[in-house]
$ cat model36.cif   # mmCIF, C-alpha atoms and all ligand atoms
data_structure
loop_
_atom_site.label_atom_id
_atom_site.label_comp_id
_atom_site.auth_asym_id
_atom_site.auth_seq_id
_atom_site.Cartn_x
_atom_site.Cartn_y
_atom_site.Cartn_z
CA MET A 1 -14.60 3.81 14.97
CA GLN A 2 -11.86 5.78 13.20
CA LYS A 3 -11.19 4.54 9.66
CA LEU A 4 -7.58 3.45 9.17
CA SER A 5 -5.45 3.94 6.08
CA SER A 6 -1.76 3.36 5.40
CA LEU A 7 -1.62 6.98 4.19
CA THR A 8 -2.62 8.37 7.58
CA LEU A 9 -1.33 5.79 10.10
CA PRO A 10 2.15 6.42 11.56
CA TRP A 11 5.00 4.57 9.81
CA PRO A 12 5.59 2.13 11.44
CA THR A 13 2.36 1.93 13.45
CA ASP A 14 2.39 1.32 17.19
CA TRP A 15 -0.15 -1.53 17.07
CA ALA A 16 0.00 -2.20 20.82
CA ALA A 17 -1.10 1.41 21.44
CA LEU A 18 -3.77 1.24 18.72
CA PHE A 19 -5.32 -1.96 20.13
CA GLY A 20 -4.67 -0.93 23.75
CA ALA A 21 -2.80 -4.20 24.39
CA ARG A 22 0.49 -5.74 23.28
CA ARG A 23 -0.41 -9.12 21.78
CA PRO A 24 0.96 -11.26 18.92
CA LEU A 25 0.03 -9.72 15.55
CA ILE A 26 -1.76 -11.55 12.73
CA LEU A 27 -2.15 -9.97 9.28
CA GLU A 28 -4.60 -10.99 6.55
CA ILE A 29 -3.98 -9.48 3.12
CA GLY A 30 -6.99 -8.91 0.83
CA PHE A 31 -9.62 -10.17 3.32
CA GLY A 32 -12.58 -9.53 0.98
CA TYR A 33 -15.85 -9.82 2.93
CA GLY A 34 -13.98 -10.82 6.09
CA ALA A 35 -15.29 -14.29 7.03
CA PHE A 36 -11.76 -15.65 7.43
CA LEU A 37 -10.58 -12.51 9.27
CA LEU A 38 -13.34 -12.82 11.88
CA HIS A 39 -12.74 -16.55 12.09
CA LEU A 40 -9.09 -15.78 12.95
CA ALA A 41 -10.31 -13.36 15.63
CA ARG A 42 -12.59 -16.04 17.11
CA GLN A 43 -9.84 -18.65 16.98
CA HIS A 44 -7.15 -16.38 18.50
CA PRO A 45 -8.79 -14.00 21.01
CA ASP A 46 -5.39 -13.34 22.59
CA THR A 47 -3.91 -11.77 19.42
CA ASN A 48 -4.31 -8.47 17.56
CA ILE A 49 -5.63 -9.04 14.04
CA ILE A 50 -5.13 -6.61 11.19
CA GLY A 51 -6.77 -6.93 7.78
CA VAL A 52 -5.64 -4.90 4.77
CA GLU A 53 -7.80 -4.36 1.69
CA ILE A 54 -7.94 -2.06 -1.31
CA ALA A 55 -11.66 -2.50 -2.04
CA ASN A 56 -13.79 0.12 -0.25
CA ARG A 57 -16.91 -2.04 -0.41
CA CYS A 58 -15.16 -4.86 1.49
CA LEU A 59 -13.69 -2.45 4.03
CA ALA A 60 -17.09 -0.85 4.70
CA HIS A 61 -18.75 -4.28 5.04
CA VAL A 62 -16.22 -5.53 7.62
CA GLU A 63 -16.09 -2.18 9.47
CA ARG A 64 -19.91 -2.40 9.89
CA ARG A 65 -19.64 -5.95 11.21
CA ILE A 66 -16.88 -5.00 13.67
CA ALA A 67 -18.98 -2.06 14.93
CA ARG A 68 -22.20 -4.12 15.14
CA GLU A 69 -20.78 -7.30 16.63
CA GLY A 70 -17.90 -5.82 18.65
CA TRP A 71 -14.55 -7.40 17.80
CA PRO A 72 -12.01 -5.76 20.15
CA ASN A 73 -9.00 -7.49 18.59
CA VAL A 74 -9.69 -6.78 14.88
CA ARG A 75 -8.89 -3.62 12.85
CA VAL A 76 -9.09 -3.18 9.10
CA VAL A 77 -6.86 -0.84 7.10
CA HIS A 78 -7.27 0.64 3.64
CA SER A 79 -3.95 -0.26 2.06
CA THR A 80 -2.25 -2.30 -0.57
CA ALA A 81 -0.33 -5.27 0.77
CA GLU A 82 2.92 -3.75 -0.49
CA THR A 83 2.47 -0.43 1.33
CA ALA A 84 1.27 -2.11 4.54
CA LEU A 85 4.13 -4.60 4.65
CA HIS A 86 6.80 -1.99 3.95
CA HIS A 87 5.52 0.89 6.02
CA LEU A 88 3.15 -0.19 8.81
CA PHE A 89 5.12 -3.02 10.43
CA GLU A 90 8.51 -3.33 12.10
CA PRO A 91 10.88 -6.14 11.06
CA ALA A 92 10.12 -9.46 12.85
CA SER A 93 6.84 -8.11 14.29
CA LEU A 94 4.19 -10.44 12.78
CA TRP A 95 3.26 -13.86 14.09
CA GLN A 96 1.15 -14.92 11.10
CA ILE A 97 0.46 -13.61 7.59
CA HIS A 98 -2.48 -15.02 5.57
CA VAL A 99 -3.14 -14.48 1.86
CA ASN A 100 -6.34 -16.08 0.55
CA PHE A 101 -7.06 -16.24 -3.18
CA PRO A 102 -5.08 -13.23 -4.42
CA ASP A 103 -5.04 -12.07 -8.06
CA PRO A 104 -7.97 -14.12 -9.45
CA TRP A 105 -7.36 -12.73 -12.96
CA PHE A 106 -3.61 -12.89 -12.80
CA LYS A 107 -3.11 -14.01 -16.42
CA LYS A 108 -5.08 -11.03 -17.74
CA ARG A 109 -3.15 -8.76 -15.39
CA HIS A 110 0.15 -10.12 -16.60
CA GLY A 111 2.84 -7.51 -16.32
CA HIS A 112 0.93 -5.55 -13.70
CA ARG A 113 1.59 -5.90 -10.00
CA ARG A 114 0.94 -9.41 -8.76
CA LEU A 115 0.77 -10.04 -5.05
CA MET A 116 3.04 -13.08 -5.09
CA GLN A 117 6.30 -11.71 -6.37
CA ARG A 118 9.86 -11.39 -5.14
CA ASP A 119 9.76 -7.98 -3.45
CA THR A 120 6.44 -8.60 -1.67
CA LEU A 121 7.63 -12.01 -0.48
CA ASP A 122 10.90 -10.46 0.78
CA ALA A 123 8.77 -8.02 2.77
CA VAL A 124 6.70 -10.94 4.15
CA VAL A 125 9.89 -12.69 5.32
CA ASN A 126 11.32 -9.49 6.78
CA ARG A 127 8.13 -8.73 8.78
CA LEU A 128 7.58 -12.28 10.15
CA GLN A 129 9.14 -13.09 13.50
CA PRO A 130 11.31 -16.25 13.66
CA GLY A 131 8.89 -19.16 14.02
CA GLY A 132 6.10 -17.04 12.45
CA ARG A 133 3.83 -18.52 9.77
CA PHE A 134 2.95 -17.59 6.19
CA TYR A 135 -0.19 -19.14 4.70
CA LEU A 136 -1.34 -18.84 1.08
CA ALA A 137 -4.35 -20.31 -0.73
CA THR A 138 -5.24 -20.16 -4.42
CA ASP A 139 -7.52 -22.01 -6.83
CA ILE A 140 -5.40 -21.29 -9.91
CA ARG A 141 -3.04 -24.12 -10.77
CA GLU A 142 -0.54 -21.86 -12.60
CA TYR A 143 -0.58 -19.42 -9.71
CA ALA A 144 0.14 -22.32 -7.33
CA GLU A 145 3.05 -23.47 -9.52
CA MET A 146 4.45 -19.96 -9.79
CA SER A 147 4.11 -19.47 -5.99
CA ALA A 148 5.69 -22.86 -5.24
CA ALA A 149 8.77 -21.92 -7.30
CA LEU A 150 8.99 -18.49 -5.69
CA LEU A 151 8.57 -19.85 -2.14
CA ALA A 152 11.12 -22.64 -2.68
CA ASP A 153 13.58 -19.92 -3.73
CA THR A 154 13.02 -17.82 -0.60
CA PRO A 155 15.68 -18.04 2.14
CA GLY A 156 14.15 -17.66 5.58
CA LEU A 157 11.01 -19.74 4.90
CA GLU A 158 10.61 -23.48 5.41
CA ASN A 159 7.73 -25.55 4.13
CA LEU A 160 5.52 -27.07 6.85
CA LEU A 161 3.81 -29.48 4.42
CA PRO A 162 5.21 -32.75 3.03
CA ALA A 163 4.70 -31.50 -0.57
CA ALA A 164 4.82 -28.07 -2.23
CA TRP A 165 1.12 -27.61 -1.40
CA ALA A 166 -1.87 -29.48 0.03
CA GLU A 167 -5.23 -29.74 -1.74
CA ASP A 168 -7.12 -29.83 1.56
CA LEU A 169 -6.48 -28.40 5.00
CA PRO A 170 -8.78 -30.19 7.48
CA GLY A 171 -10.64 -27.83 9.82
CA ARG A 172 -10.11 -24.78 7.63
CA VAL A 173 -12.92 -22.20 7.53
CA LEU A 174 -13.79 -21.41 3.92
CA THR A 175 -13.49 -17.86 2.60
CA ARG A 176 -16.29 -16.56 0.36
CA TYR A 177 -14.18 -16.98 -2.76
CA GLU A 178 -13.03 -20.45 -1.66
CA GLY A 179 -16.63 -21.58 -1.07
CA LYS A 180 -17.51 -20.55 -4.63
CA ALA A 181 -14.44 -22.32 -6.05
CA ARG A 182 -15.38 -25.51 -4.22
CA ARG A 183 -19.05 -25.35 -5.26
CA GLU A 184 -17.90 -24.96 -8.87
CA GLY A 185 -15.61 -28.00 -8.46
CA ARG A 186 -12.29 -26.15 -8.73
CA PRO A 187 -9.49 -27.65 -6.61
CA CYS A 188 -7.72 -25.33 -4.16
CA TYR A 189 -4.01 -25.27 -3.34
CA TYR A 190 -2.81 -24.45 0.18
CA PHE A 191 0.68 -23.42 1.29
CA ALA A 192 2.02 -23.25 4.86
CA TYR A 193 5.51 -21.95 5.66
CA ARG A 194 7.47 -21.17 8.82
CA ARG A 195 9.93 -18.31 9.22
CA THR A 196 13.36 -19.67 10.11
CA ALA A 197 16.17 -17.91 12.00
CA VAL A 198 18.00 -16.95 8.76
CA PRO A 199 18.54 -13.14 8.81
CA PRO A 200 15.81 -11.33 6.86
CA PRO A 201 16.48 -9.88 3.41
CA PRO A 202 17.07 -6.14 3.38
CA LEU A 203 14.11 -4.08 2.17
CA PRO A 204 14.27 -0.90 0.10
CA SER A 205 13.81 1.90 2.58
CA VAL A 206 11.31 4.42 1.24
CA GLN A 207 11.21 6.81 4.15
CA GLU A 208 9.33 9.94 4.94
CA LEU A 209 11.36 13.11 4.41
CA PRO A 210 10.69 16.66 5.59
CA MET A 211 7.95 18.52 3.71
CA PRO A 212 9.10 19.64 0.24
CA HIS A 213 9.10 23.37 -0.30
CA ILE A 214 10.12 25.72 -3.13
CA VAL A 215 10.01 29.54 -3.11
CA PHE A 216 10.45 31.51 -6.32
CA ARG A 217 9.95 34.97 -7.73
CA SER A 218 8.14 35.51 -11.03
CA PRO A 219 6.52 38.30 -13.00
CA LEU A 220 3.80 35.81 -14.03
CA SER A 221 0.34 35.68 -12.44
CA LEU A 222 -1.36 32.45 -11.30
CA ASP A 223 -3.56 32.70 -14.42
CA ASP A 224 -0.45 32.96 -16.65
CA ILE A 225 1.08 29.88 -15.00
CA GLN A 226 -2.12 27.87 -15.25
CA ALA A 227 -2.48 28.79 -18.93
CA GLN A 228 0.95 27.31 -19.70
CA PHE A 229 0.31 24.00 -17.92
CA ALA A 230 0.04 20.79 -19.94
CA PRO A 231 0.03 17.25 -18.45
CA MET A 232 3.51 15.73 -18.08
CA GLN A 233 4.81 12.24 -17.33
CA HIS A 234 8.29 11.39 -16.09
CA THR A 235 10.02 8.19 -15.06
CA VAL A 236 13.08 8.62 -12.88
CA GLY A 237 14.63 5.25 -11.98
CA GLN A 238 11.80 3.26 -10.37
CA VAL A 239 9.63 6.33 -9.77
CA TYR A 240 6.79 7.23 -12.14
CA ILE A 241 5.40 10.76 -11.88
CA SER A 242 2.35 12.13 -13.66
CA LEU A 243 1.51 15.83 -13.36
CA LEU A 244 -2.14 15.61 -14.33
CA GLU A 245 -3.86 18.99 -14.10
CA ALA A 246 -3.60 22.55 -12.76
CA TYR A 247 -6.74 23.97 -11.11
CA ARG A 248 -7.26 27.64 -10.22
CA GLY A 249 -8.53 28.54 -6.75
CA ARG A 250 -9.15 32.06 -5.53
CA HIS A 251 -5.63 32.51 -4.14
CA LYS A 252 -3.83 29.37 -5.29
CA LEU A 253 -3.09 26.97 -8.10
CA LEU A 254 -3.59 23.33 -7.26
CA PHE A 255 -1.56 20.74 -9.20
CA GLU A 256 -3.03 17.23 -9.31
CA VAL A 257 -0.24 14.64 -9.18
CA PHE A 258 0.15 10.85 -9.22
CA VAL A 259 3.39 9.26 -7.99
CA LYS A 260 4.17 5.55 -8.08
CA GLU A 261 7.36 4.37 -6.36
CA PRO A 262 8.42 0.88 -5.26
CA THR A 263 6.38 0.61 -2.06
CA ILE A 264 3.57 3.12 -2.48
CA GLU A 265 1.28 4.89 -4.97
CA GLN A 266 -0.01 8.35 -4.08
CA HIS A 267 -2.55 10.65 -5.74
CA PHE A 268 -2.41 14.12 -4.23
CA ALA A 269 -1.95 17.86 -4.83
CA PHE A 270 0.75 20.47 -4.67
CA THR A 271 -0.35 24.06 -4.08
CA LEU A 272 1.22 27.16 -5.53
CA ALA A 273 0.33 30.25 -3.50
CA ARG A 274 1.39 33.90 -3.51
CA ARG A 275 3.56 35.02 -0.60
CA PRO A 276 3.17 38.41 1.10
CA GLU A 277 6.40 39.55 -0.67
CA PRO A 278 5.46 40.96 -4.10
CA GLY A 279 5.96 38.54 -7.01
CA GLU A 280 6.91 35.62 -4.75
CA TYR A 281 5.29 32.16 -4.69
CA THR A 282 5.52 29.04 -2.53
CA LEU A 283 5.10 25.55 -3.96
CA GLN A 284 4.27 22.97 -1.29
CA LEU A 285 2.33 19.81 -0.54
CA GLY A 286 -1.42 20.41 -0.24
CA THR A 287 -3.49 18.52 2.32
CA LEU A 288 -5.65 16.93 -0.41
CA GLY A 289 -4.85 13.23 -0.77
CA HIS A 290 -2.89 12.98 2.54
CA ALA A 291 0.40 12.56 0.65
CA ARG A 292 3.38 11.35 2.65
CA PRO A 293 6.57 13.24 1.71
CA THR A 294 8.41 10.25 0.22
CA PRO A 295 11.42 10.52 -2.12
CA GLY A 296 9.02 10.22 -5.10
CA VAL A 297 6.96 13.16 -3.86
CA HIS A 298 10.17 15.21 -3.50
CA LEU A 299 11.15 14.27 -7.06
CA ALA A 300 7.72 15.40 -8.29
CA ALA A 301 8.09 18.73 -6.47
CA GLY A 302 11.51 19.15 -8.08
CA LEU A 303 10.11 18.47 -11.57
CA LEU A 304 7.31 20.94 -11.02
CA GLY A 305 9.82 23.49 -9.72
CA ASP A 306 12.02 22.94 -12.81
CA TRP A 307 9.00 23.43 -15.07
CA LEU A 308 7.97 26.64 -13.25
CA ALA A 309 11.53 27.97 -13.72
CA THR A 310 11.23 27.60 -17.51
CA LEU A 311 8.06 29.68 -17.82
CA HIS A 312 9.68 33.15 -17.89
CA PRO A 313 13.30 34.33 -18.29
CA ASP A 314 12.96 36.45 -15.12
CA ASN A 315 11.74 33.56 -12.94
CA LEU A 316 14.18 33.10 -10.05
CA GLU A 317 14.18 30.26 -7.54
CA LEU A 318 14.86 31.66 -4.05
CA LYS A 319 14.67 28.53 -1.91
CA ARG A 320 14.48 24.80 -2.65
CA LYS A 321 14.03 22.48 0.34
CA LEU A 322 14.06 19.10 -1.41
CA LYS A 323 15.90 15.78 -1.22
CA GLU A 324 16.30 14.77 -4.88
C1 LIG B 401 -10.29 -12.93 -5.09
S1 LIG B 401 -10.53 -11.83 -3.80
C2 LIG B 401 -10.43 -12.89 -2.40
C3 LIG B 401 -11.08 -12.28 -1.19
C4 LIG B 401 -11.01 -13.15 0.07
N1 LIG B 401 -9.64 -13.32 0.52
C5 LIG B 401 -11.67 -14.48 -0.19
O1 LIG B 401 -10.93 -15.46 -0.29
O2 LIG B 401 -12.90 -14.51 -0.29
C6 LIG B 401 -8.98 -10.91 -3.72
C7 LIG B 401 -9.04 -9.76 -2.74
O3 LIG B 401 -7.75 -9.19 -2.62
C8 LIG B 401 -7.86 -7.76 -2.65
N2 LIG B 401 -6.59 -7.28 -3.17
C9 LIG B 401 -6.12 -7.40 -4.44
N3 LIG B 401 -4.90 -6.87 -4.56
C10 LIG B 401 -4.56 -6.41 -3.32
C11 LIG B 401 -3.42 -5.73 -2.78
N4 LIG B 401 -2.36 -5.44 -3.56
N5 LIG B 401 -3.42 -5.40 -1.48
C12 LIG B 401 -4.50 -5.68 -0.68
N6 LIG B 401 -5.62 -6.30 -1.14
C13 LIG B 401 -5.64 -6.65 -2.42
C14 LIG B 401 -9.06 -7.51 -3.54
O4 LIG B 401 -9.67 -6.25 -3.30
C15 LIG B 401 -9.98 -8.65 -3.17
O5 LIG B 401 -10.85 -8.34 -2.09
#
$ encode --input "model36.cif" --output "C-alpha cells"
Amino acid sequence: MQKLSSLTLPWPTDWAALFGARRPLILEIGFGYGAFLLHLARQHPDTNIIGVEIANRCLAHVERRIAREGWPNVRVVHSTAETALHHLFEPASLWQIHVNFPDPWFKKRHGHRRLMQRDTLDAVVNRLQPGGRFYLATDIREYAEMSAALLADTPGLENLLPAAWAEDLPGRVLTRYEGKARREGRPCYYFAYRRTAVPPPPLPSVQELPMPHIVFRSPLSLDDIQAQFAPMQHTVGQVYISLLEAYRGRHKLLFEVFVKEPTIEQHFAFTLARRPEPGEYTLQLGTLGHARPTPGVHLAAGLLGDWLATLHPDNLELKRKLKE
C-alpha cells in the first residue's frame, strides 16, 4: 500500500477517490499504536477513516496491521495535525475529529506548539461539517482546564456534556495511553462537542504557488559560491527560514533549507546549477524533501537569491520568478 504524507498528497485531497467510495470522513489526530483508530473502523464500517501521526514507528505499526488484517476504510498519513487540518481537508468536510491524549509533556514543552490552541481549534471548527463532532481526551488536569477554557471560547462548537468534561464515557474503547493512565490510577477527562451552524472562522490561506525560479549571471564558479556560504537564519513575519548548508555535487550546489510557516514545516533543498549559457546559473527547488512551493519557500528562495547577488560586484540577476 502506498505510504501517504501531507507533503505528497494533493491539497486538498480527494478522499472519495483515494478510498474508492464517498463516505462520511472521520479523522483521528495522533493515533499512536492505532487501537482506537481500528476500533472506529470496526464501529463505523460505512465511513472513511483517516489517522494522522508524526511518529514513524506508530505509522509503520498501523500500516502493517492494515496490510495484514485488511481494513478497506482506514488510511494513515504522515502529517502534523496542523498541516493535515489546513491542507488536506475542505471546509465542512469532516464528520468526526478525535484527539486522544495529546501533548503528554505539555508543561515541559511550554512555549512550543501545543495541539490544543486557538489556531488549531479554529481549523477543527472550519473542517467539521455542521452537526459534526469533536472529541478530546486527556489525563492531565491542567490540560483539561486549559482545553475547557479554549473550547468554551470557541464559536461554532457546543458542548454535548452536562459539564465541561466527563471523567468516564461508558462503552469507550481504551487507547494504549489511556489504559496505562487508568492502571496507574490517573483520572481521565473527556470532552464531546458538536459543530453548530455558526459560519466557520476564516483560516490563514497558505497556498501552493508556482515553482520558484531565479536565473543569474556570475563570474564565480560553484566552488567559489560554496566557499562563501555560511549558515543563515531569518524571520520574516511568521515565517522562520534557516539556510543550513551548501553541498557540492558534480554539476550542482545543493542548499539544505528549513522553513517553518504557520501551517507547515518543511526541510528540503534548493539546487543551483549551471545553464548552457556561459556564466549563467539557475536556482530552483530540488526534489529532495518533496517541498511544496508555499509562500515561505518562495521567501527562502528570495533570501538565497539576495545572498547570491552580494557575492560578486558583477553578479547580475536575469530572471526572478517569485511571489515575495
Ligand atoms: C501521548 S501519545 C497518545 C497516543 C494515542 N492517541 C493513545 O492515546 O494511546 C500522543 C501522540 O500524538 C502524536 N502527536 C504529537 N503531536 C502531534 C501533532 N502535532 N500532529 C500529529 N500527531 C501528533 C505523537 O506522536 C503520539 O503518538
$ atom_distance --input "model36.cif" --atom1 "atom CA of Asp224 of chain A" --atom2 "atom CA of Arg320 of chain A"
22.0 Å
$ residues_near_ligand --input "model36.cif" --ligand "ligand LIG 401 (chain B)" --cutoff "9 Å" --atoms "all atoms listed in the file" --output "VMD selection string"
chain A and resid 28 to 37 51 to 59 78 to 84 98 to 105 113 to 115 137 to 138 174 to 180
$ residues_around --input "model36.cif" --residues "Arg22 of chain A" --least-positions-apart "6" --cutoff "12 Å" --atoms "only C-alpha atoms" --output "list of chain:residue names"
A:Asp14, A:Trp15, A:Ala16, A:Asp46, A:Thr47, A:Asn48, A:Ile49, A:Asn73, A:Ser93
$ write_last_selection --input "model36.cif" --atoms "C-alpha atoms" --output "tab-separated table (two decimals), keeping the file's coordinate frame"
chain	number	residue	atom	x	y	z
A	14	ASP	CA	2.39	1.32	17.19
A	15	TRP	CA	-0.15	-1.53	17.07
A	16	ALA	CA	0.00	-2.20	20.82
A	46	ASP	CA	-5.39	-13.34	22.59
A	47	THR	CA	-3.91	-11.77	19.42
A	48	ASN	CA	-4.31	-8.47	17.56
A	49	ILE	CA	-5.63	-9.04	14.04
A	73	ASN	CA	-9.00	-7.49	18.59
A	93	SER	CA	6.84	-8.11	14.29
$ residues_around --input "model36.cif" --residues "Gln228 of chain A" --least-positions-apart "3" --cutoff "10 Å" --atoms "all atoms listed in the file" --output "JSON, numbers by chain"
{"A": [223, 224, 225, 246, 308, 311]}
$ residues_around --input "model36.cif" --residues "segment 162-170 of chain A" --least-positions-apart "5" --cutoff "7 Å" --atoms "all atoms listed in the file" --output "list in words"
Ala148, Pro187, Cys188, Tyr189, Tyr190 and Phe191 of chain A
$ closest_residue --input "model36.cif" --among "A:Leu253, A:Ala67, A:Ala309, A:Leu203" --to "Gln284 of chain A" --atoms "only C-alpha atoms"
A:Leu253
$ atom_distance --input "model36.cif" --atom1 "atom CA of Glu265 of chain A" --atom2 "atom CA of Gln238 of chain A"
11.9 Å
$ residues_around --input "model36.cif" --residues "Met1 of chain A" --least-positions-apart "4" --cutoff "10 Å" --atoms "all atoms listed in the file" --output "list in words"
Glu63, Arg64, Ile66, Ala67 and Arg75 of chain A
$ residues_around --input "model36.cif" --residues "Tyr193 of chain A" --least-positions-apart "6" --cutoff "7 Å" --atoms "all atoms listed in the file" --output "PyMOL selection string"
chain A and resi 133-135+157-160
